[in-house]
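File shown: data.cif. Contents: mmCIF, C-alpha atoms.
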```cif
data_final
#
loop_
_atom_site.label_atom_id
_atom_site.label_comp_id
_atom_site.auth_asym_id
_atom_site.auth_seq_id
_atom_site.Cartn_x
_atom_site.Cartn_y
_atom_site.Cartn_z
CA MET A 1 -11.44 26.46 43.07
CA ASP A 2 -9.26 23.65 44.47
CA THR A 3 -6.65 21.82 42.40
CA ILE A 4 -8.74 18.74 41.65
CA GLY A 5 -11.86 20.78 41.02
CA GLY A 6 -9.98 22.89 38.53
CA LEU A 7 -8.64 19.92 36.61
CA LEU A 8 -11.83 17.88 36.69
CA GLY A 9 -13.81 20.96 35.71
CA SER A 10 -12.12 21.00 32.30
CA PRO A 11 -14.20 18.38 30.42
CA ARG A 12 -16.68 20.41 28.36
CA ALA A 13 -18.34 18.30 25.70
CA ARG A 14 -20.02 20.31 22.96
CA GLY A 15 -22.02 18.26 20.49
CA ALA A 16 -20.16 15.15 21.64
CA PHE A 17 -20.58 11.98 19.64
CA LEU A 18 -22.91 9.67 21.63
CA LEU A 19 -23.85 6.25 20.32
CA LYS A 20 -25.40 2.98 21.41
CA SER A 21 -23.96 0.03 19.49
CA VAL A 22 -25.33 -3.50 19.19
CA PHE A 23 -23.15 -6.36 17.91
CA ASN A 24 -23.56 -10.11 17.60
CA PRO A 25 -20.45 -12.34 17.79
CA PRO A 26 -18.12 -12.56 16.06
CA TRP A 27 -17.56 -8.82 15.70
CA GLY A 28 -14.64 -6.41 15.68
CA LEU A 29 -14.44 -2.63 15.39
CA ARG A 30 -11.23 -0.72 14.66
CA VAL A 31 -11.53 2.90 15.86
CA GLU A 32 -9.20 5.34 14.09
CA ASP A 33 -11.11 8.59 14.70
CA ARG A 34 -8.14 10.35 16.37
CA ALA A 35 -10.43 11.75 19.06
CA PRO A 36 -8.58 13.04 22.15
CA LEU A 37 -10.73 11.12 24.61
CA SER A 38 -13.44 8.47 24.45
CA LEU A 39 -15.51 6.67 27.04
CA VAL A 40 -17.01 3.21 26.49
CA THR A 41 -19.27 1.24 28.81
CA VAL A 42 -21.00 -2.10 28.29
CA LEU A 43 -24.73 -2.21 28.98
CA HIS A 44 -25.19 -5.89 28.14
CA GLY A 45 -22.79 -8.72 27.36
CA SER A 46 -19.04 -8.10 27.20
CA ALA A 47 -16.31 -6.74 24.96
CA TRP A 48 -12.54 -6.62 24.70
CA VAL A 49 -10.48 -3.45 24.31
CA LEU A 50 -7.14 -3.77 22.52
CA ARG A 51 -4.50 -1.06 22.20
CA GLU A 52 -1.26 -1.41 20.32
CA GLY A 53 1.52 -2.51 22.65
CA GLY A 54 -0.88 -3.25 25.50
CA GLU A 55 -2.59 -6.32 26.92
CA PRO A 56 -6.23 -6.97 25.93
CA ALA A 57 -8.67 -5.76 28.59
CA ARG A 58 -12.12 -7.27 29.07
CA LEU A 59 -15.16 -5.08 29.63
CA ALA A 60 -18.07 -6.68 31.44
CA ALA A 61 -21.50 -5.16 31.93
CA GLY A 62 -21.20 -1.95 33.94
CA ASP A 63 -17.44 -1.56 33.42
CA VAL A 64 -16.18 1.72 31.97
CA ALA A 65 -13.14 2.27 29.76
CA VAL A 66 -11.62 5.73 29.23
CA LEU A 67 -9.38 5.80 26.16
CA ARG A 68 -6.91 8.60 25.52
CA GLY A 69 -6.26 9.42 21.84
CA PRO A 70 -5.27 9.99 19.21
CA GLU A 71 -3.89 6.45 18.90
CA PRO A 72 -6.32 3.87 17.44
CA TYR A 73 -7.86 1.01 19.39
CA THR A 74 -10.00 -2.05 18.74
CA LEU A 75 -13.24 -3.24 20.31
CA ALA A 76 -14.16 -6.87 19.71
CA ASP A 77 -16.02 -9.88 21.07
CA ASP A 78 -12.70 -11.73 21.41
CA PRO A 79 -9.04 -10.65 21.24
CA ALA A 80 -8.52 -13.04 18.34
CA THR A 81 -11.32 -11.58 16.20
CA VAL A 82 -10.06 -9.63 13.19
CA PRO A 83 -11.95 -6.30 12.94
CA GLY A 84 -14.24 -6.09 9.94
CA ILE A 85 -15.37 -2.51 10.55
CA THR A 86 -13.32 0.69 10.71
CA VAL A 87 -14.35 4.03 12.23
CA GLY A 88 -12.34 6.92 10.84
CA PRO A 89 -12.10 10.67 11.48
CA GLY A 90 -15.46 12.38 11.64
CA GLN A 91 -16.92 9.03 12.79
CA ARG A 92 -17.07 7.79 9.21
CA CYS A 93 -17.71 4.07 9.23
CA GLY A 94 -17.16 1.31 6.68
CA THR A 95 -15.84 -2.16 6.15
CA THR A 96 -12.12 -2.77 5.90
CA ALA A 97 -12.75 -3.23 2.18
CA GLY A 98 -14.10 0.31 1.90
CA GLU A 99 -17.87 -0.35 1.82
CA ASP A 100 -19.91 2.44 3.44
CA LEU A 101 -22.01 1.13 6.34
CA THR A 102 -23.76 4.39 7.20
CA GLU A 103 -27.30 3.39 6.33
CA ALA A 104 -26.97 -0.37 6.28
CA MET A 105 -26.39 -0.69 10.04
CA SER A 106 -28.53 2.15 11.34
CA LEU A 107 -30.95 1.01 14.06
CA GLY A 108 -32.61 4.33 14.84
CA VAL A 109 -31.80 7.41 16.90
CA ARG A 110 -28.12 7.25 17.95
CA THR A 111 -28.23 3.44 17.69
CA TRP A 112 -26.13 1.46 15.27
CA GLY A 113 -25.00 -2.08 14.59
CA GLN A 114 -26.88 -5.35 14.18
CA PRO A 115 -30.41 -6.30 15.26
CA HIS A 116 -30.43 -7.38 18.90
CA ARG A 117 -30.63 -11.09 19.63
CA ALA A 118 -29.55 -13.49 22.37
CA GLY A 119 -25.86 -13.09 23.10
CA SER A 120 -25.65 -9.56 21.74
CA THR A 121 -23.26 -7.02 23.22
CA VAL A 122 -24.73 -3.57 23.76
CA MET A 123 -22.27 -0.73 24.29
CA LEU A 124 -22.59 2.96 24.98
CA SER A 125 -19.82 5.26 23.79
CA GLY A 126 -19.15 8.95 24.13
CA THR A 127 -16.41 10.78 22.27
CA TYR A 128 -14.91 14.21 22.87
CA GLN A 129 -14.29 15.49 19.36
CA ALA A 130 -11.77 18.30 19.96
CA PRO A 131 -8.67 18.53 22.20
CA GLY A 132 -9.94 21.82 23.66
CA GLU A 133 -12.87 20.02 25.26
CA VAL A 134 -10.62 18.28 27.79
CA GLY A 135 -7.83 20.11 29.61
CA ARG A 136 -4.37 19.18 28.37
CA ARG A 137 -3.04 18.72 31.90
CA LEU A 138 -5.82 16.25 32.66
CA LEU A 139 -5.24 14.37 29.40
CA ASP A 140 -1.51 14.18 30.03
CA GLY A 141 -2.17 12.65 33.45
CA LEU A 142 -4.30 9.80 32.12
CA PRO A 143 -3.04 6.38 31.05
CA ALA A 144 -3.70 5.31 27.46
CA LEU A 145 -6.44 3.01 28.77
CA LEU A 146 -8.17 3.52 32.10
CA LEU A 147 -10.47 0.63 32.97
CA ARG A 148 -12.82 0.93 35.92
CA PRO A 149 -14.86 -2.11 37.03
CA ALA A 150 -18.57 -1.83 37.68
CA SER A 151 -17.92 -2.18 41.42
CA ALA A 152 -15.95 1.09 41.34
CA VAL A 153 -18.48 2.97 39.18
CA ARG A 154 -21.53 2.97 41.40
CA THR A 155 -23.39 5.80 39.78
CA PRO A 156 -26.83 6.21 38.23
CA LEU A 157 -25.26 8.24 35.41
CA ILE A 158 -24.75 5.24 33.11
CA GLY A 159 -28.43 4.35 33.30
CA MET A 160 -29.41 7.96 32.79
CA LEU A 161 -27.16 8.30 29.75
CA ALA A 162 -28.48 5.04 28.30
CA ALA A 163 -32.06 6.27 28.73
CA GLU A 164 -31.38 9.69 27.20
CA VAL A 165 -29.38 8.54 24.19
CA ASP A 166 -32.50 7.09 22.53
CA LYS A 167 -34.49 10.30 22.89
CA GLU A 168 -34.83 13.14 20.43
CA GLU A 169 -36.23 16.07 22.37
CA ILE A 170 -35.60 19.79 22.65
CA GLY A 171 -32.16 20.43 24.14
CA GLN A 172 -31.23 16.74 23.91
CA GLU A 173 -27.67 17.40 22.78
CA VAL A 174 -26.98 19.59 25.81
CA VAL A 175 -28.42 16.96 28.16
CA LEU A 176 -26.19 14.27 26.64
CA ASP A 177 -23.11 16.48 26.74
CA ARG A 178 -23.55 17.25 30.42
CA LEU A 179 -24.28 13.62 31.35
CA LEU A 180 -21.13 12.54 29.51
CA ASP A 181 -19.10 15.16 31.38
CA LEU A 182 -20.52 14.05 34.73
CA LEU A 183 -19.88 10.38 34.04
CA LEU A 184 -16.29 11.06 33.00
CA ILE A 185 -15.69 13.20 36.09
CA ASP A 186 -17.22 10.54 38.34
CA VAL A 187 -15.01 7.82 36.85
CA LEU A 188 -11.86 9.94 37.11
CA ARG A 189 -12.63 11.02 40.66
CA SER A 190 -13.02 7.41 41.83
CA TRP A 191 -9.78 6.47 40.07
CA LEU A 192 -7.82 9.34 41.60
CA ALA A 193 -9.06 8.52 45.09
CA GLU A 194 -8.12 4.84 44.94
CA PRO A 195 -4.63 4.00 46.31
CA GLY A 196 -2.14 2.37 43.98
CA THR A 197 -3.90 3.23 40.71
CA GLY A 198 -1.02 5.21 39.25
CA ALA A 199 -2.65 8.61 39.70
CA PRO A 200 -0.54 11.47 38.29
CA PRO A 201 1.98 13.33 40.49
CA TRP A 202 -0.13 16.49 40.84
CA PHE A 203 -2.81 14.45 42.59
CA ARG A 204 -0.46 12.66 44.98
CA ALA A 205 1.07 16.02 45.88
CA GLN A 206 -2.26 17.16 47.36
CA GLY A 207 -1.46 15.36 50.59
CA ASP A 208 1.81 17.19 51.17
CA PRO A 209 1.30 20.05 53.68
CA VAL A 210 3.62 22.39 51.78
CA VAL A 211 3.10 21.50 48.14
CA GLY A 212 -0.62 20.93 48.61
CA GLN A 213 -0.99 24.43 50.01
CA ALA A 214 1.04 25.90 47.15
CA LEU A 215 -1.10 24.11 44.57
CA ARG A 216 -4.29 25.39 46.16
CA LEU A 217 -2.97 28.95 46.10
CA LEU A 218 -2.01 28.73 42.43
CA HIS A 219 -5.42 27.36 41.49
CA GLU A 220 -7.41 29.77 43.60
CA ARG A 221 -5.43 32.87 42.58
CA PRO A 222 -3.88 32.28 39.15
CA GLY A 223 -3.96 35.99 38.30
CA GLN A 224 -1.74 36.97 41.19
CA PRO A 225 1.86 37.91 40.20
CA TRP A 226 3.38 34.88 41.88
CA THR A 227 7.10 34.27 42.25
CA VAL A 228 8.69 31.27 43.88
CA ALA A 229 9.60 33.51 46.80
CA SER A 230 6.08 34.89 47.31
CA LEU A 231 4.52 31.43 46.94
CA ALA A 232 7.00 29.97 49.43
CA SER A 233 6.21 32.75 51.89
CA ALA A 234 2.46 32.08 51.56
CA ALA A 235 3.10 28.36 52.11
CA GLY A 236 5.27 29.09 55.17
CA VAL A 237 8.59 27.68 53.92
CA SER A 238 11.78 28.90 52.32
CA ARG A 239 12.11 29.42 48.59
CA ALA A 240 14.61 26.55 48.30
CA VAL A 241 12.39 24.11 50.23
CA LEU A 242 9.33 24.88 48.12
CA ALA A 243 11.19 24.69 44.82
CA ARG A 244 12.74 21.34 45.72
CA ARG A 245 9.63 19.67 47.17
CA PHE A 246 7.31 21.00 44.48
CA THR A 247 9.53 19.73 41.67
CA GLU A 248 10.02 16.35 43.36
CA LEU A 249 6.32 15.74 43.98
CA VAL A 250 4.66 17.42 40.99
CA GLY A 251 7.33 16.70 38.40
CA GLU A 252 7.96 20.31 37.34
CA PRO A 253 8.92 23.62 39.01
CA PRO A 254 6.20 25.84 40.54
CA MET A 255 6.35 28.56 37.88
CA SER A 256 6.23 26.01 35.06
CA TYR A 257 3.14 24.47 36.63
CA LEU A 258 1.57 27.91 37.03
CA THR A 259 2.15 28.70 33.35
CA GLY A 260 0.39 25.51 32.29
CA TRP A 261 -2.53 26.20 34.60
CA ARG A 262 -2.88 29.79 33.41
CA LEU A 263 -2.93 28.70 29.77
CA THR A 264 -5.50 26.01 30.53
CA LEU A 265 -7.73 28.67 32.07
CA ALA A 266 -7.05 31.01 29.17
CA ALA A 267 -8.18 28.38 26.66
CA GLU A 268 -11.40 27.94 28.60
CA LEU A 269 -12.04 31.70 28.85
CA LEU A 270 -11.34 32.25 25.15
CA ARG A 271 -14.51 30.31 24.38
CA ASP A 272 -16.50 33.18 25.84
CA PRO A 273 -17.12 35.65 22.98
CA GLU A 274 -17.86 38.40 25.50
CA LEU A 275 -14.27 38.39 26.77
CA SER A 276 -11.52 40.15 24.85
CA VAL A 277 -8.06 38.61 24.61
CA ALA A 278 -6.81 41.47 26.79
CA GLY A 279 -9.49 40.68 29.37
CA VAL A 280 -8.54 37.00 29.37
CA ALA A 281 -4.87 37.93 29.77
CA ARG A 282 -5.59 40.05 32.85
CA ARG A 283 -7.73 37.34 34.47
CA VAL A 284 -5.04 34.67 34.18
CA GLY A 285 -2.10 36.81 35.26
CA TYR A 286 -0.53 38.18 32.06
CA SER A 287 0.29 41.85 31.62
CA GLY A 288 -1.51 42.13 28.30
CA PRO A 289 -2.58 40.32 25.11
CA PHE A 290 0.95 40.25 23.67
CA ALA A 291 2.38 38.47 26.71
CA LEU A 292 -0.49 35.97 26.69
CA SER A 293 -0.17 35.42 22.94
CA THR A 294 3.55 34.68 23.22
CA ALA A 295 3.06 32.09 25.95
CA PHE A 296 -0.07 30.61 24.39
CA LYS A 297 1.52 30.16 20.98
CA ARG A 298 4.65 28.63 22.47
CA GLU A 299 2.53 26.09 24.35
CA ARG A 300 -0.28 25.36 21.85
CA GLY A 301 1.18 26.33 18.49
CA VAL A 302 -1.50 28.92 17.74
CA SER A 303 -2.25 32.42 18.98
CA PRO A 304 -5.23 33.06 21.27
CA ARG A 305 -7.12 34.64 18.36
CA GLU A 306 -6.39 31.66 16.09
CA PHE A 307 -7.48 29.32 18.87
CA ARG A 308 -10.70 31.26 19.31
CA ARG A 309 -11.41 31.19 15.57
CA GLY A 310 -10.83 27.44 15.54
CA GLU A 311 -13.21 26.94 18.44
CA ARG A 312 -15.91 29.00 16.72
CA SER A 313 -15.41 27.09 13.47
CA GLY A 314 -15.95 23.87 15.39
CA GLU A 315 -19.16 25.20 16.87
CA ALA A 316 -20.37 26.31 13.46
CA ALA A 317 -19.65 22.88 12.03
CA GLY A 318 -21.86 21.36 14.68
CA THR A 319 -24.90 23.47 13.83
CA GLY A 320 -25.63 22.01 10.43
CA SER A 321 -26.54 18.50 9.39
CA ASP A 322 -24.33 16.96 12.11
CA GLU A 323 -22.52 14.58 9.80
CA ARG A 324 -20.82 12.92 12.76
CA THR A 325 -24.15 11.68 14.05
CA VAL A 326 -25.63 10.85 10.66
CA VAL A 327 -22.74 8.50 9.98
CA LEU A 328 -23.35 6.24 12.97
CA GLY A 329 -26.37 7.56 14.76
CA GLY A 330 -29.02 7.30 12.08
CA ARG A 331 -30.45 10.79 12.46
CA SER A 332 -30.07 14.31 11.17
CA ARG A 333 -31.02 17.69 12.57
CA ALA A 334 -31.19 19.21 9.09
#
```
As a first step, turn the structure in this file into structure tokens.
Amino acid sequence: MDTIGGLLGSPRARGAFLLKSVFNPPWGLRVEDRAPLSLVTVLHGSAWVLREGGEPARLAAGDVAVLRGPEPYTLADDPATVPGITVGPGQRCGTTAGEDLTEAMSLGVRTWGQPHRAGSTVMLSGTYQAPGEVGRRLLDGLPALLLRPASAVRTPLIGMLAAEVDKEEIGQEVVLDRLLDLLLIDVLRSWLAEPGTGAPPWFRAQGDPVVGQALRLLHERPGQPWTVASLASAAGVSRAVLARRFTELVGEPPMSYLTGWRLTLAAELLRDPELSVAGVARRVGYSGPFALSTAFKRERGVSPREFRRGERSGEAAGTGSDERTVVLGGRSRA
């Protein structure tokens, strides 16, 4: 697995919140759901995205906005429009005065808002509900708002997602999750490849003959007992040269980067109930479960077992009435 493949392979939506929204001007929506990552695209009309401390950004039809949480943001027909609707944690929706809008604005399967008429804005949004669904290193490398114009997002995935979101068929949730993942990856890949977009240091370092080789080795063989000396030897340079160039280009020392990558992989592997914590530790380069637990807890604040229990609790929560979708999507699996 190469460096970019490893990082872009981390989005794993599971029961993601998918919604088509229809609004007639004037309209404003304040989103305070604290989700780690959301993706919004306009199917018809236009919208403005506003983040605290940032300039308003206009979304035209076909444009895609990737919003990194947990900070709130506003979607509106005009930057001057005062939001009248608030979306809170769990995708609970109501007026700013506290009135519940769950049923009043339901328009059918995963569709919500106001009846469509001339001048309406139609948006499609997808929300990753839990931080574990998107790799921390990838999240940390993203700006608070990443806006990609329609000209840079030449993919059939938006149309496919728009067509699937209205359906209610066997396995529909899995189809939507995977389409959301693919669209996000496609958007991020085009952004990373475009010069001057402010891509994170780990991406720019790919082009360096020394650091790029070291990054590929760390990603392809994370379980190997790497040291700076052994990594430098494999990259064909001295220990001092590798340490200096790696830190300059990536923004952190090689072993620090390796630790972050190993823990990212560990979090992904811990979702597999067939793997023991000891087995995960061996696969990502730790001597045993205690060593992994120490590093994992220092980085994420919970032990691997606590993380695994939290992930399973999240999955269990998604197998019932699916309150997140009932609130805005107008359906229930119960």
Next item on the list: Convert the output of the PyMOL selection byres ((chain A and resi 214) around 10) on the shown file into explicit residues, formatted as a PyMOL selection string.
Entry: chain A and resi 3+205-206+208-213+215-220+228+231-236+242+246+254
Margin query: Could you tell me how far CA of Gly207 in chain A sits from CA of Thr247 in chain A, in Å to one decimal place?
Written below: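 Between these atoms lies a distance of 14.8 Å.
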Next item on the list: Just say which residues the PyMOL selection byres ((chain A and resi 37) around 9) picks in this file, as a PyMOL selection string.
Entry: chain A and resi 34-36+38-39+66-70+126-131+134+139
Check: Could you state the separation of CA of Pro200 in chain A and CA of Gly141 in chain A in Å, given to one decimal place?
Finding: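 Here the two named atoms are 5.2 Å from each other.
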Checklist line | Reference answer for the PyMOL selection byres ((chain A and resi 173) around 10), as a PyMOL selection string | finding: chain A and resi 13-18+164-165+167-172+174-179
Item checked: Atomic separation - CA of Arg300 in chain A relative to CA of Gln91 in chain A, Å -> 25.0 Å
Next item on the list: Find the residues around Val153 in chain A up to 8 Å (all atoms listed in the file counted), leave out those fewer than 4 positions away in its own chain, and share them as number ranges by chain.
Entry: A: 62-64, 148-149, 186-187, 190
Checklist line | Point (-2.4, 35.1, 35.7) neighbourhood (12 Å, all atoms listed in the file) written as a VMD selection string | finding: chain A and resid 218 to 227 255 258 to 266 278 to 289 291 to 292 295
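In terms of minimum interatomic distance to Ala152 in chain A, A:Leu192 ranks closest within A:Asp140, A:Leu192, A:Asp181, A:Pro56, counting only C-alpha atoms.
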Next item on the list: Kindly indicate which residue among A:Thr294, A:Arg308, A:Ser256, A:Leu19 lies nearest to Val109 in chain A, using only C-alpha atoms for the distances.
Entry: A:Leu19
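The list of residues with at least one atom within 12 Å of Ile85 in chain A, based on only C-alpha atoms and without residues fewer than 6 positions apart in the same chain, reads Phe23, Pro26, Trp27, Gly28, Leu29, Arg30, Val31, Glu32, Thr74, Leu75, Ala76, Gln91, Arg92, Cys93, Gly94, Thr95, Thr96, Ala97, Gly98, Glu99, Asp100, Leu101, Thr102, Met105 and Gly113 of chain A.
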Once 5 Å is added on each side, what centre and edge lengths in Å to one decimal does the axis-aligned box around all listed atoms of range 16-23 of chain A have, as lines of an AutoDock Vina configuration file?
```
center_x = -22.8
center_y = 4.4
center_z = 19.8
size_x = 15.2
size_y = 31.5
size_z = 13.7
```
Can you list, as a PDB file with C-alpha atoms, in the coordinates of the input, every protein, DNA or RNA residue that comes within 10 Å of Leu157 in chain A when you count all atoms listed in the file, leaving out same-chain residues fewer than 4 positions away?
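File produced: result04.pdb:
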```pdb
ATOM      1  CA  VAL A 153     -18.480   2.970  39.180  1.00  0.00           C
ATOM      2  CA  LEU A 161     -27.160   8.300  29.750  1.00  0.00           C
ATOM      3  CA  ALA A 162     -28.480   5.040  28.300  1.00  0.00           C
ATOM      4  CA  ALA A 163     -32.060   6.270  28.730  1.00  0.00           C
ATOM      5  CA  LEU A 179     -24.280  13.620  31.350  1.00  0.00           C
ATOM      6  CA  LEU A 180     -21.130  12.540  29.510  1.00  0.00           C
ATOM      7  CA  LEU A 182     -20.520  14.050  34.730  1.00  0.00           C
ATOM      8  CA  LEU A 183     -19.880  10.380  34.040  1.00  0.00           C
ATOM      9  CA  LEU A 184     -16.290  11.060  33.000  1.00  0.00           C
ATOM     10  CA  ASP A 186     -17.220  10.540  38.340  1.00  0.00           C
TER      11      ASP A 186
END
```
Check: For Leu275 in chain A, which of A:Pro83, A:Pro253, A:Pro89, A:Pro304 is the closest residue, counting all atoms listed in the file?
Finding: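 Closest candidate: A:Pro304.
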